[in-house]
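**Q** Coordinates in target_27.txt, compact mmCIF, C-alpha atoms, are listed below.
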# COMPACT_ATOMS: atom_id res chain seq x y z
CA MET A 1 -61.47 14.71 -91.80
CA LEU A 2 -58.42 13.17 -90.12
CA MET A 3 -55.94 11.40 -92.38
CA THR A 4 -52.46 9.92 -92.14
CA LEU A 5 -50.14 11.18 -94.84
CA GLY A 6 -48.46 8.53 -96.94
CA THR A 7 -44.69 8.24 -97.36
CA PRO A 8 -43.66 9.66 -99.68
CA PRO A 9 -46.52 12.14 -100.10
CA SER A 10 -47.64 13.35 -103.50
CA GLU A 11 -46.73 16.79 -104.82
CA ALA A 12 -50.30 17.95 -104.15
CA GLU A 13 -50.16 16.70 -100.56
CA THR A 14 -46.82 18.42 -100.02
CA ASP A 15 -48.23 21.68 -101.41
CA ALA A 16 -51.31 21.46 -99.17
CA TRP A 17 -49.12 20.81 -96.11
CA HIS A 18 -46.78 23.67 -96.93
CA ASP A 19 -49.72 26.06 -97.40
CA VAL A 20 -50.68 25.51 -93.74
CA ILE A 21 -47.09 26.05 -92.53
CA ALA A 22 -46.73 29.23 -94.58
CA ALA A 23 -50.06 30.70 -93.46
CA ALA A 24 -49.33 30.02 -89.78
CA HIS A 25 -45.85 31.50 -90.10
CA LEU A 26 -47.27 34.81 -91.30
CA ARG A 27 -49.63 34.94 -88.30
CA ASP A 28 -47.46 33.53 -85.50
CA VAL A 29 -43.82 34.44 -86.14
CA PRO A 30 -42.21 37.89 -86.23
CA ALA A 31 -41.82 39.34 -89.72
CA SER A 32 -38.03 39.31 -89.33
CA VAL A 33 -37.98 35.50 -89.36
CA PRO A 34 -37.75 34.13 -92.94
CA GLU A 35 -40.50 31.79 -94.03
CA ARG A 36 -39.71 28.08 -94.30
CA GLY A 37 -39.12 27.06 -97.92
CA ARG A 38 -41.02 24.30 -99.67
CA THR A 39 -37.77 22.34 -100.05
CA GLU A 40 -37.52 22.06 -96.27
CA THR A 41 -41.16 21.01 -95.95
CA ALA A 42 -40.84 18.38 -98.67
CA GLY A 43 -37.62 17.02 -97.22
CA LYS A 44 -39.14 16.50 -93.79
CA LEU A 45 -42.19 14.76 -95.25
CA ARG A 46 -40.35 12.52 -97.69
CA VAL A 47 -37.20 11.46 -95.84
CA GLN A 48 -37.61 9.51 -92.64
CA SER A 49 -35.40 10.12 -89.61
CA PRO A 50 -32.89 7.30 -89.02
CA THR A 51 -33.58 7.45 -85.27
CA ALA A 52 -37.39 7.79 -85.17
CA ARG A 53 -40.60 6.57 -86.72
CA MET A 54 -42.39 9.60 -88.12
CA LEU A 55 -46.16 10.01 -88.14
CA HIS A 56 -47.65 12.77 -90.34
CA LEU A 57 -51.30 13.64 -89.68
CA VAL A 58 -53.58 16.09 -91.51
CA TRP A 59 -57.05 17.47 -90.95
CA ALA A 60 -58.48 17.89 -94.45
CA ALA A 61 -61.12 20.45 -95.40
CA PRO A 62 -64.02 19.51 -97.73
CA ASP A 63 -62.26 21.16 -100.69
CA GLY A 64 -59.18 18.99 -100.26
CA SER A 65 -56.98 21.64 -98.65
CA TYR A 66 -55.60 21.10 -95.15
CA ASP A 67 -56.81 22.98 -92.09
CA GLY A 68 -54.19 21.47 -89.80
CA VAL A 69 -51.06 19.32 -89.87
CA ALA A 70 -48.99 17.48 -87.26
CA THR A 71 -45.76 15.48 -87.17
CA LEU A 72 -44.83 13.15 -84.34
CA LEU A 73 -41.39 11.56 -83.96
CA LEU A 74 -41.44 8.28 -82.06
CA PHE A 75 -37.83 7.54 -81.21
CA THR A 76 -36.66 4.06 -82.16
CA GLU A 77 -33.31 3.88 -80.35
CA LYS A 78 -33.50 1.78 -77.20
CA SER A 79 -32.46 4.59 -74.84
CA ASN A 80 -35.37 6.79 -75.97
CA ARG A 81 -38.11 4.28 -76.67
CA HIS A 82 -40.03 5.79 -73.75
CA MET A 83 -40.55 9.22 -75.31
CA ALA A 84 -41.50 11.15 -78.45
CA PHE A 85 -41.12 14.62 -79.93
CA LEU A 86 -43.99 16.67 -81.33
CA ASP A 87 -42.22 18.28 -84.27
CA ALA A 88 -45.29 20.18 -85.50
CA LEU A 89 -48.93 20.77 -84.66
CA VAL A 90 -50.08 23.66 -86.81
CA VAL A 91 -53.58 24.92 -87.63
CA ARG A 92 -54.31 27.34 -90.45
CA PRO A 93 -55.20 30.72 -88.83
CA GLU A 94 -58.69 30.95 -90.34
CA ALA A 95 -59.49 27.39 -89.17
CA ARG A 96 -58.61 27.93 -85.52
CA ARG A 97 -61.08 27.60 -82.65
CA ARG A 98 -63.00 24.92 -84.56
CA GLY A 99 -61.53 21.89 -82.80
CA VAL A 100 -58.94 21.07 -85.49
CA GLY A 101 -56.02 21.18 -83.08
CA ALA A 102 -57.92 19.10 -80.54
CA GLN A 103 -58.65 16.43 -83.17
CA LEU A 104 -54.99 16.25 -84.16
CA TRP A 105 -53.85 16.13 -80.53
CA GLY A 106 -56.38 13.39 -79.79
CA ALA A 107 -54.92 11.25 -82.56
CA ILE A 108 -51.38 11.95 -81.37
CA ARG A 109 -52.30 11.15 -77.75
CA ALA A 110 -53.83 7.85 -78.86
CA GLU A 111 -50.69 6.95 -80.82
CA LEU A 112 -48.46 7.77 -77.86
CA THR A 113 -50.55 5.60 -75.55
CA ALA A 114 -50.74 2.70 -78.00
CA ASP A 115 -46.97 2.81 -78.50
CA GLY A 116 -46.24 2.85 -74.77
CA ARG A 117 -44.64 6.30 -74.62
CA SER A 118 -44.41 7.94 -71.20
CA SER A 119 -43.59 11.50 -72.28
CA VAL A 120 -43.65 13.85 -75.25
CA SER A 121 -41.79 17.12 -75.75
CA ALA A 122 -42.04 20.07 -78.12
CA MET A 123 -40.18 23.31 -78.84
CA LEU A 124 -42.50 26.33 -78.87
CA GLU A 125 -42.46 30.08 -79.25
CA LEU A 126 -43.35 31.76 -75.95
CA GLY A 127 -46.50 33.83 -75.80
CA GLY A 128 -47.84 32.46 -79.07
CA ALA A 129 -50.60 30.16 -80.28
CA GLY A 130 -48.55 27.02 -79.55
CA GLU A 131 -47.97 27.82 -75.90
CA ALA A 132 -51.63 28.76 -75.45
CA PHE A 133 -52.70 25.47 -77.01
CA VAL A 134 -50.53 23.16 -74.88
CA ASP A 135 -51.27 25.06 -71.68
CA GLY A 136 -54.31 22.91 -70.96
CA LEU A 137 -52.82 19.62 -72.14
CA GLY A 138 -50.46 18.95 -69.26
CA PHE A 139 -47.31 20.38 -70.84
CA ALA A 140 -44.82 22.21 -68.65
CA LYS A 141 -41.90 24.38 -69.72
CA VAL A 142 -38.74 22.49 -68.76
CA LEU A 143 -36.12 24.62 -70.54
CA PRO A 144 -36.47 28.37 -71.18
CA LEU A 145 -34.36 29.57 -74.08
CA ALA A 146 -34.28 32.23 -76.77
CA TRP A 147 -33.45 32.64 -80.43
CA TYR A 148 -30.45 34.82 -81.29
CA VAL A 149 -29.46 36.19 -84.70
CA GLN A 150 -26.12 37.23 -86.16
CA ARG A 151 -25.82 39.37 -89.30
CA VAL A 152 -23.21 37.67 -91.50
CA PRO A 153 -21.92 40.61 -93.60
CA GLU A 154 -21.55 42.90 -90.58
CA ALA A 155 -19.88 40.22 -88.45
CA ASN A 156 -17.38 39.34 -91.19
CA ALA A 157 -16.53 43.00 -91.65
CA GLU A 158 -16.21 43.90 -87.97
CA LEU A 159 -14.76 40.83 -86.27
CA PRO A 160 -11.00 40.14 -86.42
CA GLU A 161 -9.74 37.03 -88.14
CA PRO A 162 -9.66 34.07 -85.73
CA ARG A 163 -6.31 33.11 -84.24
CA LEU A 164 -5.41 29.83 -82.60
CA PRO A 165 -2.77 28.94 -80.01
CA ASP A 166 0.29 27.07 -81.21
CA GLY A 167 -0.40 23.42 -81.95
CA TYR A 168 -3.91 23.95 -83.30
CA ARG A 169 -5.28 24.39 -86.81
CA PHE A 170 -8.65 24.77 -88.53
CA ALA A 171 -10.39 22.37 -90.92
CA SER A 172 -13.83 22.53 -92.51
CA TRP A 173 -16.08 20.58 -94.88
CA ASP A 174 -19.50 20.49 -96.50
CA GLY A 175 -21.68 17.44 -95.90
CA VAL A 176 -20.43 14.20 -94.36
CA VAL A 177 -17.26 14.21 -92.25
CA PRO A 178 -14.13 13.00 -94.09
CA ASP A 179 -13.30 9.38 -93.28
CA ALA A 180 -9.97 10.30 -91.71
CA LEU A 181 -11.71 12.44 -89.07
CA ALA A 182 -14.89 10.42 -88.55
CA ASP A 183 -13.86 8.61 -85.36
CA GLU A 184 -12.35 11.76 -83.85
CA PHE A 185 -15.43 13.79 -84.75
CA ALA A 186 -17.64 11.20 -83.06
CA ARG A 187 -15.45 11.33 -79.94
CA ALA A 188 -15.93 15.09 -79.76
CA HIS A 189 -19.70 14.61 -80.09
CA GLU A 190 -19.63 12.41 -77.00
CA VAL A 191 -19.05 15.60 -74.96
CA THR A 192 -22.72 16.49 -75.51
CA ARG A 193 -23.71 13.46 -73.43
CA ASP A 194 -22.23 15.18 -70.37
CA ALA A 195 -23.95 18.53 -70.95
CA PRO A 196 -26.14 19.90 -68.13
CA GLY A 197 -29.62 18.42 -68.00
CA THR A 198 -32.45 20.14 -69.83
CA GLY A 199 -35.29 18.64 -67.85
CA VAL A 200 -36.34 16.60 -70.90
CA ASP A 201 -36.55 12.82 -70.64
CA GLU A 202 -34.50 12.31 -73.82
CA ARG A 203 -31.20 10.48 -73.35
CA THR A 204 -28.39 11.11 -75.81
CA PRO A 205 -27.24 7.80 -77.32
CA ARG A 206 -23.56 7.14 -77.84
CA TRP A 207 -21.98 8.76 -80.90
CA ASP A 208 -19.90 6.74 -83.31
CA ALA A 209 -18.61 7.41 -86.81
CA GLU A 210 -21.71 6.01 -88.49
CA ARG A 211 -24.03 8.09 -86.33
CA VAL A 212 -22.29 11.39 -87.20
CA ARG A 213 -22.29 10.40 -90.86
CA GLY A 214 -26.01 9.58 -90.68
CA ALA A 215 -26.86 12.95 -89.12
CA ALA A 216 -25.13 14.78 -91.98
CA ARG A 217 -26.67 12.53 -94.64
CA LEU A 218 -30.15 13.30 -93.31
CA VAL A 219 -29.62 17.03 -93.92
CA ASP A 220 -28.33 16.30 -97.42
CA ASP A 221 -31.09 13.80 -98.27
CA ARG A 222 -33.71 16.36 -97.27
CA GLY A 223 -32.30 18.88 -99.71
CA GLY A 224 -30.26 20.94 -97.26
CA VAL A 225 -26.60 21.77 -96.71
CA ILE A 226 -24.51 21.22 -93.58
CA LEU A 227 -21.21 23.06 -93.16
CA THR A 228 -18.80 22.11 -90.36
CA SER A 229 -15.63 23.71 -88.96
CA VAL A 230 -13.32 22.08 -86.44
CA VAL A 231 -10.23 22.99 -84.47
CA LEU A 232 -7.67 20.20 -84.63
CA ALA A 233 -5.03 19.65 -81.97
CA GLU A 234 -2.04 18.72 -84.10
CA ALA A 235 -0.44 15.36 -83.40
CA GLY A 236 3.05 16.81 -83.74
CA GLY A 237 4.58 14.87 -86.59
CA ALA A 238 4.84 11.47 -88.24
CA GLY A 239 4.39 8.52 -85.96
CA LYS A 240 2.81 10.55 -83.17
CA GLY A 241 -0.80 9.63 -83.80
CA VAL A 242 -3.64 11.51 -85.49
CA ASP A 243 -4.85 15.06 -85.03
CA ARG A 244 -7.53 15.30 -82.35
CA VAL A 245 -10.77 17.27 -82.71
CA ALA A 246 -10.55 19.89 -79.96
CA ALA A 247 -13.66 21.89 -80.92
CA TYR A 248 -16.32 21.95 -83.61
CA THR A 249 -19.36 23.87 -84.79
CA ALA A 250 -21.84 23.33 -87.61
CA LEU A 251 -24.34 25.36 -89.64
CA VAL A 252 -27.30 24.04 -91.61
CA LEU A 253 -29.20 25.49 -94.55
CA ARG A 254 -32.35 23.42 -94.64
CA ASP A 255 -33.09 24.95 -98.04
CA PRO A 256 -30.11 26.09 -100.18
CA SER A 257 -32.10 29.16 -101.25
CA HIS A 258 -32.49 30.38 -97.66
CA THR A 259 -30.81 33.60 -96.56
CA ARG A 260 -30.77 32.49 -92.90
CA ALA A 261 -28.69 29.53 -91.71
CA LEU A 262 -29.31 27.59 -88.51
CA GLN A 263 -26.48 27.17 -86.02
CA TYR A 264 -26.17 23.62 -84.71
CA ASP A 265 -23.96 22.47 -81.80
CA THR A 266 -20.80 24.25 -80.78
CA VAL A 267 -18.60 22.05 -78.59
CA VAL A 268 -15.15 22.38 -77.03
CA VAL A 269 -13.65 19.14 -75.71
CA PRO A 270 -12.97 19.57 -71.95
CA GLU A 271 -9.19 19.20 -72.04
CA HIS A 272 -8.96 22.04 -74.58
CA ARG A 273 -11.19 24.58 -72.82
CA GLY A 274 -9.99 27.97 -71.62
CA ARG A 275 -8.13 28.75 -74.86
CA GLY A 276 -10.86 30.62 -76.74
CA LEU A 277 -11.48 27.76 -79.16
CA GLY A 278 -15.28 28.03 -79.06
CA GLN A 279 -15.30 31.64 -80.25
CA ALA A 280 -12.47 30.97 -82.73
CA VAL A 281 -14.17 28.02 -84.43
CA LYS A 282 -17.45 29.90 -84.78
CA ARG A 283 -15.62 32.89 -86.27
CA HIS A 284 -13.81 30.58 -88.70
CA LEU A 285 -17.07 29.01 -89.83
CA LEU A 286 -18.51 32.48 -90.35
CA GLY A 287 -15.80 33.28 -92.88
CA THR A 288 -16.11 29.87 -94.55
CA LEU A 289 -19.86 30.37 -94.88
CA ALA A 290 -19.37 33.73 -96.63
CA GLU A 291 -17.00 32.11 -99.14
CA ARG A 292 -19.05 29.00 -99.92
CA HIS A 293 -22.60 30.32 -99.51
CA PRO A 294 -22.48 34.09 -100.09
CA GLY A 295 -26.26 34.39 -100.26
CA VAL A 296 -26.64 33.71 -96.54
CA ARG A 297 -27.23 36.96 -94.66
CA GLU A 298 -28.03 35.74 -91.14
CA ILE A 299 -27.32 32.92 -88.71
CA SER A 300 -29.94 31.94 -86.14
CA THR A 301 -29.33 29.88 -83.01
CA SER A 302 -31.22 28.90 -79.87
CA VAL A 303 -29.46 29.06 -76.50
CA ALA A 304 -30.76 28.07 -73.09
CA ASP A 305 -31.21 31.00 -70.73
CA ASP A 306 -28.84 29.43 -68.19
CA ASN A 307 -26.04 28.66 -70.68
CA ALA A 308 -23.87 31.63 -69.67
CA PRO A 309 -20.66 30.50 -71.46
CA MET A 310 -22.35 30.17 -74.87
CA LEU A 311 -24.32 33.38 -74.37
CA ALA A 312 -21.02 35.18 -73.73
CA VAL A 313 -19.40 33.68 -76.84
CA ASN A 314 -22.36 34.63 -79.01
CA ALA A 315 -22.49 38.15 -77.62
CA ALA A 316 -18.81 38.62 -78.52
CA LEU A 317 -19.64 37.50 -82.07
CA GLY A 318 -22.48 39.99 -82.47
CA TYR A 319 -25.54 37.83 -81.90
CA ARG A 320 -28.66 39.71 -80.77
CA ARG A 321 -31.66 38.26 -78.97
CA GLU A 322 -34.63 37.93 -81.30
CA ARG A 323 -37.46 36.12 -79.51
CA PRO A 324 -38.09 33.81 -76.52
CA ALA A 325 -38.92 30.12 -76.80
CA GLY A 326 -38.90 27.02 -74.66
CA ILE A 327 -38.86 23.24 -74.53
CA PHE A 328 -42.14 21.91 -73.15
CA GLN A 329 -42.84 18.38 -71.96
CA ALA A 330 -45.90 16.40 -70.98
CA LYS A 331 -45.85 13.25 -68.87
CA LEU A 332 -48.31 10.63 -70.09
Just give me the structure of the file as structure tokens.

**A**
Amino acid sequence: MLMTLGTPPSEAETDAWHDVIAAAHLRDVPASVPERGRTETAGKLRVQSPTARMLHLVWAAPDGSYDGVATLLLFTEKSNRHMAFLDALVVRPEARRRGVGAQLWGAIRAELTADGRSSVSAMLELGGAGEAFVDGLGFAKVLPLAWYVQRVPEANAELPEPRLPDGYRFASWDGVVPDALADEFARAHEVTRDAPGTGVDERTPRWDAERVRGAARLVDDRGGVILTSVVLAEAGGAGKGVDRVAAYTALVLRDPSHTRALQYDTVVVPEHRGRGLGQAVKRHLLGTLAERHPGVREISTSVADDNAPMLAVNAALGYRRERPAGIFQAKL
């Protein structure tokens, strides 16, 4: 039976949803990839995105358990009102090939049509059940990428301490950006708007101080932790302005008990490139992570296959390729 999950869901509904995610993970993902914690599942179900309307669908079995679950993000910002993101469409392994996925996709397709969306995208493991499922639904791979993993203890032991050119210094924080750096941090985020196209219809809205604060609050509200390091270009003394954010990188623990963190964006502002700041800021964050969250053993990140500069930086920091993935998109 198809149902729409309420917001917030009950504890029993959250447990039933997480049971599907956990069972599929064991079947579909390499054993080296840690299982998603219940805290992460509950956070995604209970806390709405500030930039999207979220639809949670379930296919319930007669005994009240769930055979399949799906989450659709319908972007609410004006620049992306034409598209949506399929954050999850997961069927319990023993319930596959019974039409559960097709029922969920049918409901999602109807919602997309009713809401006037012209495209939907999803991030999928290559060669797995997800890619096989979307193959006949009109999805095409628009961005090949891969997951890479860095071992934190080994990297901290083997890599030299980061050094910066004269006139630069490091800063870091947990959670929301300090007020004094909020505008500068937002300005550095604007660099992502000029990144090479991914083939996806999504358009990056403008970043301002409130938007960067909101992104960090979402991680916190969902029970996670976000840790950020920046390289500041020093203003040079009193009366000469404020320090500028020359580079930044961020890590997220979606569940504080996790032993694997997720690497978010790493950005170097154009006028400060060519000085090794990207590698330096990631190395600095690595040391900060070990001090503040010593239980984390690995960092995982996804990088597009054609992003040669970031692949080179990660290789120098000891990242190893773990598994292929891709961004897929369907035109409606």

**Q** What's the 9 Å shell around region 57-67 of chain A, counting all atoms listed in the file, without same-chain residues fewer than 4 positions away, as a ChimeraX atom specification?

**A** /A:1-5,13,16-17,19-20,71-72,90-96,100-101,103-104,107-108

**Q** Measure the distance from CA of Ser302 (chain A) to CA of Leu251 (chain A) in Å and round it to one decimal.

**A** 12.5 Å

**Q** Could you tell me how far CA of Ala155 (chain A) lies from CA of Arg260 (chain A), in Å and to one decimal?

**A**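 Distance reported for this atom pair: 14.1 Å.
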
**Q** Kindly indicate which residue among A:Ile299, A:Leu145, A:Ala250, A:Ala12 lies nearest to Leu311 (chain A), using only C-alpha atoms for the distances.

**A**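 For Leu311 (chain A), the nearest of the candidates is A:Leu145.
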
**Q** Let me make sure I understand: among A:Ala182, A:Ala52, A:Val303, A:Leu112, which one has the smallest atom-to-atom distance to Asp265 (chain A) if we use only C-alpha atoms?

**A** A:Val303

**Q** Show which residues sit within 7 Å of region 31-39 of chain A, as a ChimeraX atom specification. Count all atoms listed in the file, and ignore same-chain residues fewer than 2 positions away.

**A** /A:18,22,25,29,41-43,223,255

**Q** Rank A:His284, A:Arg297, A:Arg217, A:Arg117 by their smallest atom-to-atom distance to Leu317 (chain A), using all atoms listed in the file, and report the top residue only.

**A**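 Closest residue, counting all atoms listed in the file: A:His284.
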
**Q** Separation of CA of Arg222 (chain A) and CA of His293 (chain A), in Å?

**A**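 Atom-to-atom, CA of Arg222 (chain A) to CA of His293 (chain A), that is 18.0 Å.
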
**Q** With only C-alpha atoms as the atoms that count, which of A:Arg203, A:Arg27, A:Arg211, A:Arg169 lies nearest to Arg187 (chain A)?

**A**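 The answer is A:Arg211, which sits nearest to Arg187 (chain A).
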
**Q** Counting only C-alpha atoms, which of A:Arg254, A:Arg163, A:Arg151, A:Arg275 gets nearest to Leu227 (chain A)?

**A** A:Arg254

**Q** Please determine an axis-aligned box that encloses all atoms of region 155-174 of chain A listed in the file, with 3 Å added on each side, and express its centre and edge lengths in Å to one decimal as lines of an AutoDock Vina configuration file.

**A**
center_x = -9.8
center_y = 32.2
center_z = -88.3
size_x = 26.2
size_y = 29.4
size_z = 22.5

**Q** Taking into account only C-alpha atoms, which residue in the set A:Glu202, A:Glu161, A:Glu322, A:Asp135 is nearest to Tyr148 (chain A)?

**A**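 Counting only C-alpha atoms, the residue closest to Tyr148 (chain A) is A:Glu322.
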